file protein37.txt (compact mmCIF, C-alpha atoms)
# COMPACT_ATOMS: atom_id res chain seq x y z
CA MET A 1 0.00 0.00 0.00
CA SER A 2 1.46 3.35 -1.05
CA LEU A 3 1.61 5.98 1.67
CA THR A 4 -0.68 8.98 1.26
CA PHE A 5 0.55 12.52 1.88
CA HIS A 6 -1.53 15.64 2.38
CA TRP A 7 -0.35 19.23 2.72
CA PHE A 8 -1.87 22.17 4.64
CA LEU A 9 -3.47 25.41 3.50
CA PRO A 10 -2.59 28.25 5.93
CA THR A 11 -5.90 30.12 5.86
CA ASN A 12 -4.73 32.02 8.95
CA GLY A 13 -1.80 33.53 7.03
CA ASP A 14 1.72 32.36 6.28
CA SER A 15 5.25 33.51 6.99
CA ARG A 16 8.92 32.60 7.16
CA HIS A 17 8.26 32.50 10.90
CA VAL A 18 5.84 30.26 12.79
CA VAL A 19 2.28 31.58 12.65
CA GLY A 20 0.44 30.93 15.90
CA GLY A 21 -3.26 30.61 16.57
CA GLY A 22 -5.80 27.94 17.29
CA HIS A 23 -7.34 26.47 20.44
CA GLY A 24 -8.50 29.80 21.73
CA THR A 25 -5.26 31.69 21.03
CA PRO A 26 -5.10 34.54 18.51
CA VAL A 27 -3.07 34.45 15.32
CA THR A 28 0.40 35.92 15.90
CA ALA A 29 1.64 38.95 13.99
CA ALA A 30 3.56 36.72 11.58
CA GLY A 31 0.21 35.71 10.08
CA GLY A 32 0.13 39.05 8.29
CA ASP A 33 3.38 38.46 6.40
CA ARG A 34 1.59 36.51 3.67
CA PRO A 35 -2.17 37.04 3.92
CA PRO A 36 -4.31 34.02 2.96
CA SER A 37 -5.48 35.37 -0.37
CA ILE A 38 -6.88 33.03 -2.99
CA GLY A 39 -3.89 33.91 -5.15
CA TYR A 40 -1.34 32.82 -2.56
CA LEU A 41 -3.29 29.75 -1.43
CA THR A 42 -3.60 28.74 -5.09
CA GLN A 43 0.19 28.76 -5.39
CA ILE A 44 0.43 26.36 -2.45
CA ALA A 45 -2.39 24.14 -3.69
CA ARG A 46 -0.94 23.85 -7.19
CA ALA A 47 2.52 23.09 -5.82
CA ALA A 48 1.09 20.36 -3.57
CA GLU A 49 -0.86 18.90 -6.48
CA ASP A 50 2.16 18.80 -8.77
CA LEU A 51 4.45 17.33 -6.11
CA GLY A 52 2.15 14.39 -5.41
CA PHE A 53 0.23 15.35 -2.30
CA VAL A 54 -3.25 13.84 -2.51
CA GLY A 55 -5.07 16.46 -0.48
CA ALA A 56 -4.70 19.59 1.63
CA LEU A 57 -6.09 20.17 5.10
CA THR A 58 -7.89 23.45 5.71
CA PRO A 59 -8.49 24.36 9.38
CA THR A 60 -11.63 25.63 11.05
CA GLY A 61 -12.23 28.23 13.72
CA ALA A 62 -12.55 31.92 14.41
CA TRP A 63 -8.81 32.35 13.84
CA CYS A 64 -8.84 31.47 10.11
CA GLU A 65 -10.86 31.83 6.93
CA ASP A 66 -13.91 29.61 6.41
CA ALA A 67 -12.83 26.24 5.06
CA TRP A 68 -15.87 25.45 2.90
CA LEU A 69 -15.85 28.73 1.01
CA THR A 70 -12.08 28.92 0.62
CA THR A 71 -11.64 25.41 -0.72
CA ALA A 72 -14.63 25.73 -3.05
CA MET A 73 -12.82 28.68 -4.65
CA LEU A 74 -9.51 26.83 -4.75
CA SER A 75 -11.11 23.79 -6.37
CA GLN A 76 -11.62 25.91 -9.46
CA GLN A 77 -7.91 26.76 -9.59
CA THR A 78 -6.66 23.17 -9.32
CA GLU A 79 -7.33 19.92 -11.17
CA ARG A 80 -6.90 16.91 -8.88
CA LEU A 81 -6.03 18.03 -5.37
CA LYS A 82 -8.55 16.95 -2.76
CA PHE A 83 -9.53 19.23 0.11
CA LEU A 84 -9.64 17.93 3.66
CA VAL A 85 -12.20 20.40 4.94
CA ALA A 86 -12.35 20.77 8.72
CA PHE A 87 -15.83 21.47 10.00
CA ARG A 88 -17.67 21.46 13.32
CA PRO A 89 -20.94 19.58 13.85
CA GLY A 90 -23.45 21.82 15.56
CA PHE A 91 -22.77 24.92 13.51
CA VAL A 92 -24.94 23.64 10.65
CA SER A 93 -27.74 21.08 10.45
CA PRO A 94 -26.66 17.53 9.57
CA THR A 95 -29.02 17.36 6.60
CA LEU A 96 -27.65 20.60 5.18
CA ALA A 97 -24.07 19.43 5.79
CA ALA A 98 -24.79 16.17 3.96
CA GLN A 99 -26.28 18.17 1.08
CA MET A 100 -23.30 20.55 1.00
CA ALA A 101 -20.92 17.61 0.81
CA SER A 102 -22.95 16.02 -1.97
CA THR A 103 -22.94 19.25 -3.97
CA TYR A 104 -19.21 19.67 -3.37
CA GLN A 105 -18.51 16.20 -4.75
CA ARG A 106 -20.50 16.81 -7.93
CA GLN A 107 -19.04 20.25 -8.61
CA THR A 108 -15.41 19.21 -7.97
CA GLY A 109 -15.37 15.70 -9.37
CA GLY A 110 -15.23 13.99 -5.97
CA ARG A 111 -12.46 16.01 -4.32
CA LEU A 112 -13.90 16.45 -0.82
CA LEU A 113 -12.58 14.84 2.37
CA LEU A 114 -14.09 15.80 5.73
CA ASN A 115 -12.16 16.41 8.95
CA VAL A 116 -14.77 16.38 11.72
CA VAL A 117 -13.74 18.68 14.58
CA THR A 118 -15.96 18.46 17.65
CA GLY A 119 -14.49 21.61 19.19
CA GLY A 120 -12.27 21.55 22.27
CA GLU A 121 -12.73 25.10 23.53
CA SER A 122 -16.07 26.08 25.07
CA ARG A 123 -15.24 29.79 24.91
CA GLU A 124 -14.81 29.67 21.14
CA GLN A 125 -17.89 27.46 20.72
CA ARG A 126 -20.01 29.93 22.67
CA ALA A 127 -18.94 32.70 20.31
CA TYR A 128 -20.71 30.70 17.59
CA GLY A 129 -23.81 30.23 19.73
CA ASP A 130 -22.95 26.72 20.94
CA PHE A 131 -23.31 26.39 24.71
CA LEU A 132 -22.95 22.62 25.12
CA ASP A 133 -20.16 21.27 27.33
CA LYS A 134 -17.42 19.08 25.87
CA GLU A 135 -19.04 15.71 26.65
CA SER A 136 -22.33 16.87 25.14
CA ARG A 137 -20.55 18.16 22.04
CA TYR A 138 -19.11 14.70 21.43
CA ALA A 139 -22.52 13.10 21.94
CA ARG A 140 -23.93 15.52 19.39
CA THR A 141 -21.11 14.67 16.98
CA GLY A 142 -22.09 11.01 17.18
CA GLU A 143 -25.71 11.82 16.37
CA PHE A 144 -24.60 14.16 13.58
CA LEU A 145 -22.48 11.52 11.88
CA GLU A 146 -25.19 8.89 12.27
CA ILE A 147 -27.59 11.15 10.38
CA VAL A 148 -25.09 12.21 7.73
CA ARG A 149 -23.90 8.68 7.02
CA GLY A 150 -27.49 7.48 6.73
CA LEU A 151 -28.28 10.23 4.24
CA TRP A 152 -25.18 9.49 2.19
CA ALA A 153 -26.25 5.85 2.05
CA GLY A 154 -29.53 6.91 0.46
CA ASP A 155 -31.68 6.21 3.52
CA ALA A 156 -34.63 8.22 4.76
CA VAL A 157 -33.46 9.17 8.23
CA ASP A 158 -35.54 9.68 11.35
CA LEU A 159 -33.63 10.37 14.53
CA ALA A 160 -34.78 11.80 17.84
CA GLY A 161 -31.51 12.18 19.68
CA GLU A 162 -30.59 14.00 22.83
CA HIS A 163 -29.16 16.91 20.80
CA LEU A 164 -30.34 16.49 17.19
CA GLN A 165 -33.67 15.62 15.66
CA VAL A 166 -34.58 15.02 12.03
CA GLN A 167 -37.73 13.58 10.52
CA ASP A 168 -37.94 11.97 7.08
CA ALA A 169 -34.59 13.49 6.10
CA ARG A 170 -33.26 12.41 2.71
CA LEU A 171 -31.03 13.62 -0.11
CA ALA A 172 -32.34 14.10 -3.64
CA ARG A 173 -28.83 13.45 -5.02
CA LEU A 174 -26.21 11.32 -3.30
CA PRO A 175 -22.50 12.16 -3.17
CA ASP A 176 -20.28 10.15 -5.50
CA PRO A 177 -17.97 9.15 -4.02
CA VAL A 178 -19.08 9.38 -0.41
CA PRO A 179 -16.54 11.68 1.34
CA GLU A 180 -14.19 9.92 3.71
CA VAL A 181 -14.42 11.08 7.32
CA TYR A 182 -11.26 11.98 9.23
CA PHE A 183 -11.54 12.30 12.99
CA GLY A 184 -9.19 12.89 15.91
CA GLY A 185 -9.39 13.08 19.68
CA SER A 186 -7.65 11.67 22.73
CA SER A 187 -10.50 11.43 25.25
CA PRO A 188 -12.43 8.17 25.82
CA VAL A 189 -15.60 9.52 24.20
CA ALA A 190 -13.58 10.71 21.18
CA GLY A 191 -12.25 7.20 20.74
CA GLU A 192 -15.76 5.77 20.76
CA ILE A 193 -16.94 8.22 18.08
CA ALA A 194 -13.86 7.58 15.94
CA ALA A 195 -14.30 3.82 16.14
CA ARG A 196 -17.97 4.04 15.18
CA HIS A 197 -17.88 6.62 12.40
CA SER A 198 -14.41 7.55 11.08
CA ASP A 199 -12.60 6.22 8.03
CA VAL A 200 -9.26 7.69 9.16
CA TYR A 201 -8.27 8.38 12.76
CA LEU A 202 -5.88 11.33 12.99
CA THR A 203 -3.39 11.88 15.78
CA TRP A 204 -1.06 14.79 16.34
CA GLY A 205 2.66 14.09 16.13
CA GLU A 206 3.45 12.46 19.43
CA PRO A 207 6.51 10.21 19.88
CA PRO A 208 6.16 6.79 18.26
CA ALA A 209 5.52 4.91 21.51
CA GLN A 210 2.54 7.14 22.32
CA VAL A 211 1.26 6.91 18.75
CA ALA A 212 1.45 3.12 18.94
CA GLU A 213 -0.71 3.18 22.07
CA LYS A 214 -3.32 5.32 20.33
CA ILE A 215 -3.41 3.04 17.30
CA ALA A 216 -3.91 -0.03 19.48
CA TRP A 217 -6.65 1.76 21.43
CA ILE A 218 -8.65 2.86 18.38
CA ARG A 219 -8.09 -0.41 16.53
CA GLY A 220 -9.48 -2.33 19.50
CA LEU A 221 -12.54 -0.08 19.76
CA ALA A 222 -13.17 -0.35 16.00
CA GLU A 223 -12.99 -4.14 16.13
CA LYS A 224 -15.76 -4.12 18.75
CA GLU A 225 -17.86 -2.13 16.27
CA GLY A 226 -17.07 -4.60 13.50
CA ARG A 227 -15.12 -1.95 11.60
CA THR A 228 -11.59 -1.22 10.44
CA VAL A 229 -10.07 2.25 10.60
CA ARG A 230 -7.02 3.66 8.83
CA PHE A 231 -4.58 5.89 10.69
CA GLY A 232 -3.01 9.25 9.91
CA ILE A 233 -0.70 11.69 11.67
CA ARG A 234 -0.47 15.49 11.63
CA LEU A 235 3.06 16.90 11.62
CA HIS A 236 5.12 19.88 10.53
CA VAL A 237 8.33 19.25 8.58
CA ILE A 238 11.72 20.92 8.28
CA THR A 239 13.76 18.87 5.83
CA ARG A 240 16.99 19.90 4.12
CA ASP A 241 19.94 18.44 2.21
CA THR A 242 21.82 17.98 5.49
CA ALA A 243 20.77 17.58 9.11
CA GLU A 244 22.85 20.64 10.02
CA GLN A 245 20.86 22.82 7.62
CA ALA A 246 17.55 21.50 8.94
CA TRP A 247 18.40 22.09 12.58
CA ALA A 248 19.77 25.54 11.75
CA GLU A 249 16.34 26.36 10.29
CA ALA A 250 14.60 25.03 13.40
CA ASP A 251 16.88 27.20 15.53
CA ARG A 252 16.13 30.22 13.35
CA LEU A 253 12.41 29.70 13.92
CA LEU A 254 12.98 29.27 17.65
CA GLN A 255 15.01 32.47 17.87
CA GLY A 256 12.08 34.31 16.34
CA PHE A 257 9.77 33.42 19.24
CA ASP A 258 9.13 36.43 21.43
CA PRO A 259 9.29 35.24 25.10
CA ALA A 260 6.22 37.30 26.00
CA THR A 261 4.27 35.69 23.15
CA VAL A 262 5.36 32.22 24.27
CA ARG A 263 4.18 32.92 27.83
CA SER A 264 0.87 34.31 26.63
CA VAL A 265 0.21 31.41 24.25
CA GLN A 266 1.16 28.81 26.85
CA GLU A 267 -1.12 30.40 29.44
CA GLY A 268 -3.99 30.30 26.97
CA LEU A 269 -3.34 26.71 25.89
CA ALA A 270 -3.06 25.56 29.50
CA ARG A 271 -6.76 26.38 29.84
CA SER A 272 -7.67 24.22 26.85
CA GLU A 273 -10.30 21.54 27.42
CA SER A 274 -8.73 19.40 24.69
CA GLU A 275 -6.98 16.31 26.01
CA GLY A 276 -4.93 16.19 22.83
CA GLN A 277 -3.79 19.77 23.40
CA GLN A 278 -2.72 18.93 26.94
CA ARG A 279 -0.71 16.00 25.58
CA MET A 280 0.99 18.40 23.17
CA LEU A 281 1.86 20.80 26.00
CA ALA A 282 3.32 17.99 28.07
CA LEU A 283 5.89 17.29 25.35
CA HIS A 284 7.76 20.55 26.04
CA GLY A 285 6.31 21.90 29.29
CA GLY A 286 6.49 25.45 27.97
CA SER A 287 10.29 25.36 27.97
CA SER A 288 12.58 25.87 24.99
CA SER A 289 15.13 23.39 26.34
CA SER A 290 15.14 19.70 25.37
CA LEU A 291 12.76 20.18 22.44
CA GLU A 292 13.97 17.12 20.52
CA ILE A 293 11.63 14.63 22.20
CA HIS A 294 12.49 11.70 19.90
CA PRO A 295 15.14 11.47 17.18
CA ASN A 296 14.23 14.13 14.57
CA LEU A 297 10.95 14.99 16.37
CA TRP A 298 10.99 18.62 17.54
CA ALA A 299 8.34 20.13 19.84
CA GLY A 300 9.25 23.77 19.25
CA ILE A 301 6.26 24.65 17.08
CA GLY A 302 3.95 24.03 20.02
CA LEU A 303 5.48 26.88 21.99
CA VAL A 304 3.51 29.41 19.95
CA ARG A 305 0.89 27.37 18.08
CA GLY A 306 -2.15 25.48 19.28
CA GLY A 307 -3.00 22.08 17.87
CA ALA A 308 -0.26 20.22 16.03
CA GLY A 309 2.96 21.33 17.69
CA THR A 310 5.72 18.97 16.55
CA ALA A 311 7.91 18.82 13.47
CA LEU A 312 10.08 16.24 11.78
CA VAL A 313 13.51 17.88 11.49
CA GLY A 314 16.52 16.48 9.69
CA SER A 315 18.08 15.55 6.39
CA HIS A 316 15.81 14.15 3.70
CA ASP A 317 16.99 10.62 4.54
CA GLU A 318 16.40 11.13 8.27
CA VAL A 319 12.90 12.49 7.73
CA ALA A 320 12.17 9.55 5.41
CA ASP A 321 13.38 7.25 8.20
CA ARG A 322 10.94 8.80 10.67
CA VAL A 323 8.08 8.54 8.17
CA GLU A 324 8.91 4.88 7.74
CA GLU A 325 9.07 4.42 11.53
CA TYR A 326 5.55 5.80 11.95
CA HIS A 327 4.36 3.71 9.02
CA ARG A 328 5.62 0.53 10.70
CA LEU A 329 3.35 1.39 13.62
CA GLY A 330 0.32 1.54 11.32
CA ILE A 331 0.27 5.12 10.02
CA ASP A 332 -0.65 5.25 6.33
CA GLU A 333 -1.55 8.93 5.87
CA PHE A 334 0.55 11.97 6.72
CA VAL A 335 -0.89 15.49 6.95
CA LEU A 336 2.09 17.82 6.78
CA SER A 337 2.93 21.52 6.83
CA GLY A 338 5.89 23.86 7.22
CA TYR A 339 6.77 27.54 7.31
CA PRO A 340 6.44 29.00 4.79
CA HIS A 341 4.07 26.47 3.28
CA LEU A 342 4.96 27.12 -0.34
CA GLU A 343 8.69 26.60 0.03
CA GLU A 344 8.43 23.73 2.51
CA ALA A 345 6.11 21.83 0.18
CA TYR A 346 8.94 21.79 -2.34
CA TRP A 347 11.58 20.80 0.20
CA PHE A 348 9.56 17.76 1.25
CA GLY A 349 8.14 16.96 -2.18
CA GLU A 350 11.48 17.10 -3.97
CA GLY A 351 13.64 15.91 -1.08
CA VAL A 352 11.77 13.22 0.86
CA LEU A 353 9.15 11.80 -1.48
CA PRO A 354 11.69 10.49 -4.04
CA ARG A 355 13.50 8.68 -1.23
CA LEU A 356 10.27 7.08 -0.07
CA GLN A 357 9.55 6.05 -3.63
CA ALA A 358 12.98 4.43 -3.87
CA ARG A 359 12.09 2.42 -0.76
CA GLY A 360 8.84 1.26 -2.37
CA LEU A 361 6.70 3.19 0.13
CA TRP A 362 5.23 5.84 -2.14
CA ALA A 363 4.28 6.46 -5.76
CA HIS A 364 3.21 9.73 -7.29
CA PRO A 365 -0.59 9.48 -7.60
CA HIS A 366 -0.70 11.22 -10.99
CA ARG A 367 2.49 10.09 -12.71
CA GLY A 368 3.99 6.86 -13.95
CA ALA A 369 6.03 4.58 -11.74
CA ALA A 370 9.29 6.07 -12.98
CA ALA A 371 8.29 9.66 -12.21
CA LEU A 372 10.61 10.34 -9.29
CA THR A 373 13.19 7.60 -9.35
CA ALA A 374 16.05 9.88 -8.33
CA PRO A 375 16.22 12.71 -5.79
CA GLN A 376 15.65 16.09 -7.37
CA VAL A 377 17.18 19.40 -6.35
CA PRO A 378 14.97 20.91 -3.58
CA PHE A 379 13.48 24.36 -3.99
CA GLY A 380 15.91 27.09 -3.05
CA SER A 381 19.08 25.01 -2.92

call {"tool": "encode", "arguments": {"input": "protein37.txt", "output": "structure tokens"}}
result
Amino acid sequence: MSLTFHWFLPTNGDSRHVVGGGHGTPVTAAGGDRPPSIGYLTQIARAAEDLGFVGALTPTGAWCEDAWLTTAMLSQQTERLKFLVAFRPGFVSPTLAAQMASTYQRQTGGRLLLNVVTGGESREQRAYGDFLDKESRYARTGEFLEIVRGLWAGDAVDLAGEHLQVQDARLARLPDPVPEVYFGGSSPVAGEIAARHSDVYLTWGEPPAQVAEKIAWIRGLAEKEGRTVRFGIRLHVITRDTAEQAWAEADRLLQGFDPATVRSVQEGLARSESEGQQRMLALHGGSSSSLEIHPNLWAGIGLVRGGAGTALVGSHDEVADRVEEYHRLGIDEFVLSGYPHLEEAYWFGEGVLPRLQARGLWAHPHRGAAALTAPQVPFGS
């Protein structure tokens, strides 16, 4: 099975420095260096498409542009790239969401993937008019996905749940193909929802031993549901011709962190209700010392950014080694990003992907088998 790689669309802005934001924290000033215009995001999307990334994750929240609208526009500027659209159940009715997804598939030729985000921060949820607590939000997510999956299957759906009710709901036109559902979460209730409804369980970039525990946990829950689930991981990347160059870039990013900003971001993230976010914080403890928490796994991004806070750092061969290490655990999909996103897409696409192809782990999804048989010169070298 060939590994699948996705890139990231920075709809909160991009920069040669780390752009913060997410999980209740505001976007840092660096987000204004390269505003998330359709023109700039199109450059990233086209680069990802050409390099062999299958899809691109677009985040959701008050700190970034709307994912549905942005990717719908970008779909008209690209040919094959799929869009992993993050969305939050509860902000829109399940029947309407199922209809939106069906329309998206028809108008883009089946290029929609859905990243279901329950929402880990009550303060941000309340700003959207959602006053449920975290446990109730997950229960609602389960009802939401039950309705949506029934509609996509062509059923007439009646459900009188604790949080959602629909009567004789049905779609006039079904999505083709049915969008795959990506889902993450580290709490017990998140695991239950993932096992019951997700196609791909996503974890943030924790050290391999912790990732292995998560895979075993979700796999066991899915087996009880009579289902199988694929696994993906969300990471940043800093890959260069040599390890020294890669770590010099990581140090440059670290030196750009204002101590006051780090303190402010860490104080905000410490209040997060997300168990996954707390696991991210535990990897560095708010300190800039000892940030390499596993060979080539650097926790520095998480000092100023909520959500995914770790990066693979090293030479192209070392980063390929770490990708292979995670794959041996059961990870088949990698959702990657790097600052700035345009340049880093080329570094990974022209530096690491050919090495993975040489190992028989990856093939370009839109080219012949001999497309990238030898390492190419990375962007900017």

call {"tool": "atom_distance", "arguments": {"input": "protein37.txt", "atom1": "CA of Arg16 (chain A)", "atom2": "CA of Gly349 (chain A)"}}
result
18.2 Å

call {"tool": "closest_residue", "arguments": {"input": "protein37.txt", "among": "A:Leu283, A:Leu114, A:Leu132, A:Leu253", "to": "Ser15 (chain A)", "atoms": "all atoms listed in the file"}}
result
A:Leu253

call {"tool": "residues_near_point", "arguments": {"input": "protein37.txt", "point": "(11.6, 15.8, 16.0)", "cutoff": "12 Å", "atoms": "only C-alpha atoms", "output": "PyMOL selection string"}}
result
chain A and resi 205-208+235-239+243+246-247+250+283-284+290-302+309-315+318-319+321-323

call {"tool": "residues_around", "arguments": {"input": "protein37.txt", "residues": "region 81-94 of chain A", "least_positions_apart": "6", "cutoff": "6 Å", "atoms": "all atoms listed in the file", "output": "PyMOL selection string"}}
result
chain A and resi 49+54-60+67+111-118+141+144+148

call {"tool": "closest_atom_pairs", "arguments": {"input": "protein37.txt", "of": "region 158-188 of chain A", "to": "region 271-275 of chain A", "cutoff": "9 Å", "atoms": "all atoms listed in the file", "output": "tab-separated table"}}
result
residue	atom	partner	partner_atom	distance
A:Gly185	CA	A:Glu275	CA	7.5
A:Ser186	CA	A:Glu275	CA	5.7
A:Ser187	CA	A:Glu275	CA	6.1

call {"tool": "closest_residue", "arguments": {"input": "protein37.txt", "among": "A:His316, A:Arg137, A:His364, A:His341", "to": "Gly13 (chain A)", "atoms": "all atoms listed in the file"}}
result
A:His341

call {"tool": "atom_distance", "arguments": {"input": "protein37.txt", "atom1": "CA of Tyr346 (chain A)", "atom2": "CA of Gly52 (chain A)"}}
result
10.5 Å

call {"tool": "residues_around", "arguments": {"input": "protein37.txt", "residues": "Asp258 (chain A)", "least_positions_apart": "3", "cutoff": "12 Å", "atoms": "all atoms listed in the file", "output": "compact mmCIF listing (two decimals) with C-alpha atoms, keeping the file's coordinate frame"}}
result
# COMPACT_ATOMS: atom_id res chain seq x y z
CA HIS A 17 8.26 32.50 10.90
CA VAL A 18 5.84 30.26 12.79
CA GLY A 20 0.44 30.93 15.90
CA THR A 28 0.40 35.92 15.90
CA ALA A 29 1.64 38.95 13.99
CA ALA A 30 3.56 36.72 11.58
CA LEU A 253 12.41 29.70 13.92
CA LEU A 254 12.98 29.27 17.65
CA GLN A 255 15.01 32.47 17.87
CA THR A 261 4.27 35.69 23.15
CA VAL A 262 5.36 32.22 24.27
CA ARG A 263 4.18 32.92 27.83
CA SER A 264 0.87 34.31 26.63
CA VAL A 265 0.21 31.41 24.25
CA SER A 288 12.58 25.87 24.99
CA LEU A 303 5.48 26.88 21.99
CA VAL A 304 3.51 29.41 19.95

call {"tool": "closest_residue", "arguments": {"input": "protein37.txt", "among": "A:Tyr128, A:Phe8, A:Phe348, A:Phe257", "to": "Asp241 (chain A)", "atoms": "all atoms listed in the file"}}
result
A:Phe348

call {"tool": "atom_distance", "arguments": {"input": "protein37.txt", "atom1": "CA of Tyr201 (chain A)", "atom2": "CA of Ile218 (chain A)"}}
result
7.9 Å

call {"tool": "closest_residue", "arguments": {"input": "protein37.txt", "among": "A:Ala62, A:His163, A:Ile147, A:His366", "to": "Phe131 (chain A)", "atoms": "all atoms listed in the file"}}
result
A:His163

call {"tool": "closest_residue", "arguments": {"input": "protein37.txt", "among": "A:Leu51, A:Gly285, A:Leu269, A:Asp158", "to": "Arg367 (chain A)", "atoms": "only C-alpha atoms"}}
result
A:Leu51

call {"tool": "residues_around", "arguments": {"input": "protein37.txt", "residues": "Gly307 (chain A)", "least_positions_apart": "2", "cutoff": "8 Å", "atoms": "all atoms listed in the file", "output": "PyMOL selection string"}}
result
chain A and resi 22-23+204+276-277+280+302+305+309

call {"tool": "closest_residue", "arguments": {"input": "protein37.txt", "among": "A:Ala248, A:Ala308, A:Ile38, A:Leu361", "to": "Gly338 (chain A)", "atoms": "all atoms listed in the file"}}
result
A:Ala308

call {"tool": "decode", "arguments": {"input": "protein37.txt", "residues": "region 296-309 of chain A", "atoms": "N, CA, C and O atoms", "output": "PDB file, in the first residue's frame"}}
result
ATOM      1  N   ASN A 296      14.800  13.362  15.691  1.00  0.00           N
ATOM      2  CA  ASN A 296      14.225  14.132  14.572  1.00  0.00           C
ATOM      3  C   ASN A 296      12.797  14.607  14.823  1.00  0.00           C
ATOM      4  O   ASN A 296      12.147  15.104  13.908  1.00  0.00           O
ATOM      5  N   LEU A 297      12.289  14.493  16.050  1.00  0.00           N
ATOM      6  CA  LEU A 297      10.947  14.989  16.373  1.00  0.00           C
ATOM      7  C   LEU A 297      11.098  16.162  17.338  1.00  0.00           C
ATOM      8  O   LEU A 297      11.511  15.994  18.486  1.00  0.00           O
ATOM      9  N   TRP A 298      10.750  17.352  16.848  1.00  0.00           N
ATOM     10  CA  TRP A 298      10.992  18.619  17.538  1.00  0.00           C
ATOM     11  C   TRP A 298       9.675  19.231  17.989  1.00  0.00           C
ATOM     12  O   TRP A 298       8.748  19.392  17.184  1.00  0.00           O
ATOM     13  N   ALA A 299       9.585  19.610  19.267  1.00  0.00           N
ATOM     14  CA  ALA A 299       8.342  20.129  19.843  1.00  0.00           C
ATOM     15  C   ALA A 299       8.286  21.648  19.865  1.00  0.00           C
ATOM     16  O   ALA A 299       7.396  22.218  20.500  1.00  0.00           O
ATOM     17  N   GLY A 300       9.182  22.312  19.166  1.00  0.00           N
ATOM     18  CA  GLY A 300       9.255  23.768  19.246  1.00  0.00           C
ATOM     19  C   GLY A 300       8.053  24.503  18.704  1.00  0.00           C
ATOM     20  O   GLY A 300       7.687  25.573  19.206  1.00  0.00           O
ATOM     21  N   ILE A 301       7.405  23.961  17.679  1.00  0.00           N
ATOM     22  CA  ILE A 301       6.263  24.649  17.079  1.00  0.00           C
ATOM     23  C   ILE A 301       5.166  24.888  18.119  1.00  0.00           C
ATOM     24  O   ILE A 301       4.499  25.921  18.134  1.00  0.00           O
ATOM     25  N   GLY A 302       4.998  23.936  19.021  1.00  0.00           N
ATOM     26  CA  GLY A 302       3.947  24.025  20.015  1.00  0.00           C
ATOM     27  C   GLY A 302       4.136  25.107  21.056  1.00  0.00           C
ATOM     28  O   GLY A 302       3.235  25.350  21.862  1.00  0.00           O
ATOM     29  N   LEU A 303       5.280  25.781  21.058  1.00  0.00           N
ATOM     30  CA  LEU A 303       5.484  26.885  21.994  1.00  0.00           C
ATOM     31  C   LEU A 303       4.607  28.081  21.645  1.00  0.00           C
ATOM     32  O   LEU A 303       4.236  28.867  22.517  1.00  0.00           O
ATOM     33  N   VAL A 304       4.288  28.230  20.356  1.00  0.00           N
ATOM     34  CA  VAL A 304       3.514  29.412  19.949  1.00  0.00           C
ATOM     35  C   VAL A 304       2.262  29.058  19.146  1.00  0.00           C
ATOM     36  O   VAL A 304       1.517  29.942  18.762  1.00  0.00           O
ATOM     37  N   ARG A 305       2.019  27.782  18.921  1.00  0.00           N
ATOM     38  CA  ARG A 305       0.892  27.371  18.079  1.00  0.00           C
ATOM     39  C   ARG A 305       0.056  26.327  18.787  1.00  0.00           C
ATOM     40  O   ARG A 305       0.577  25.349  19.330  1.00  0.00           O
ATOM     41  N   GLY A 306      -1.263  26.501  18.771  1.00  0.00           N
ATOM     42  CA  GLY A 306      -2.150  25.479  19.279  1.00  0.00           C
ATOM     43  C   GLY A 306      -2.305  24.348  18.283  1.00  0.00           C
ATOM     44  O   GLY A 306      -1.968  24.469  17.109  1.00  0.00           O
ATOM     45  N   GLY A 307      -2.823  23.229  18.749  1.00  0.00           N
ATOM     46  CA  GLY A 307      -2.999  22.079  17.871  1.00  0.00           C
ATOM     47  C   GLY A 307      -1.691  21.362  17.626  1.00  0.00           C
ATOM     48  O   GLY A 307      -0.875  21.183  18.538  1.00  0.00           O
ATOM     49  N   ALA A 308      -1.486  20.941  16.379  1.00  0.00           N
ATOM     50  CA  ALA A 308      -0.255  20.216  16.030  1.00  0.00           C
ATOM     51  C   ALA A 308       0.958  21.060  16.371  1.00  0.00           C
ATOM     52  O   ALA A 308       1.104  22.172  15.874  1.00  0.00           O
ATOM     53  N   GLY A 309       1.845  20.526  17.204  1.00  0.00           N
ATOM     54  CA  GLY A 309       2.961  21.327  17.691  1.00  0.00           C
ATOM     55  C   GLY A 309       4.325  20.715  17.511  1.00  0.00           C
ATOM     56  O   GLY A 309       5.307  21.218  18.057  1.00  0.00           O
TER      57      GLY A 309
END
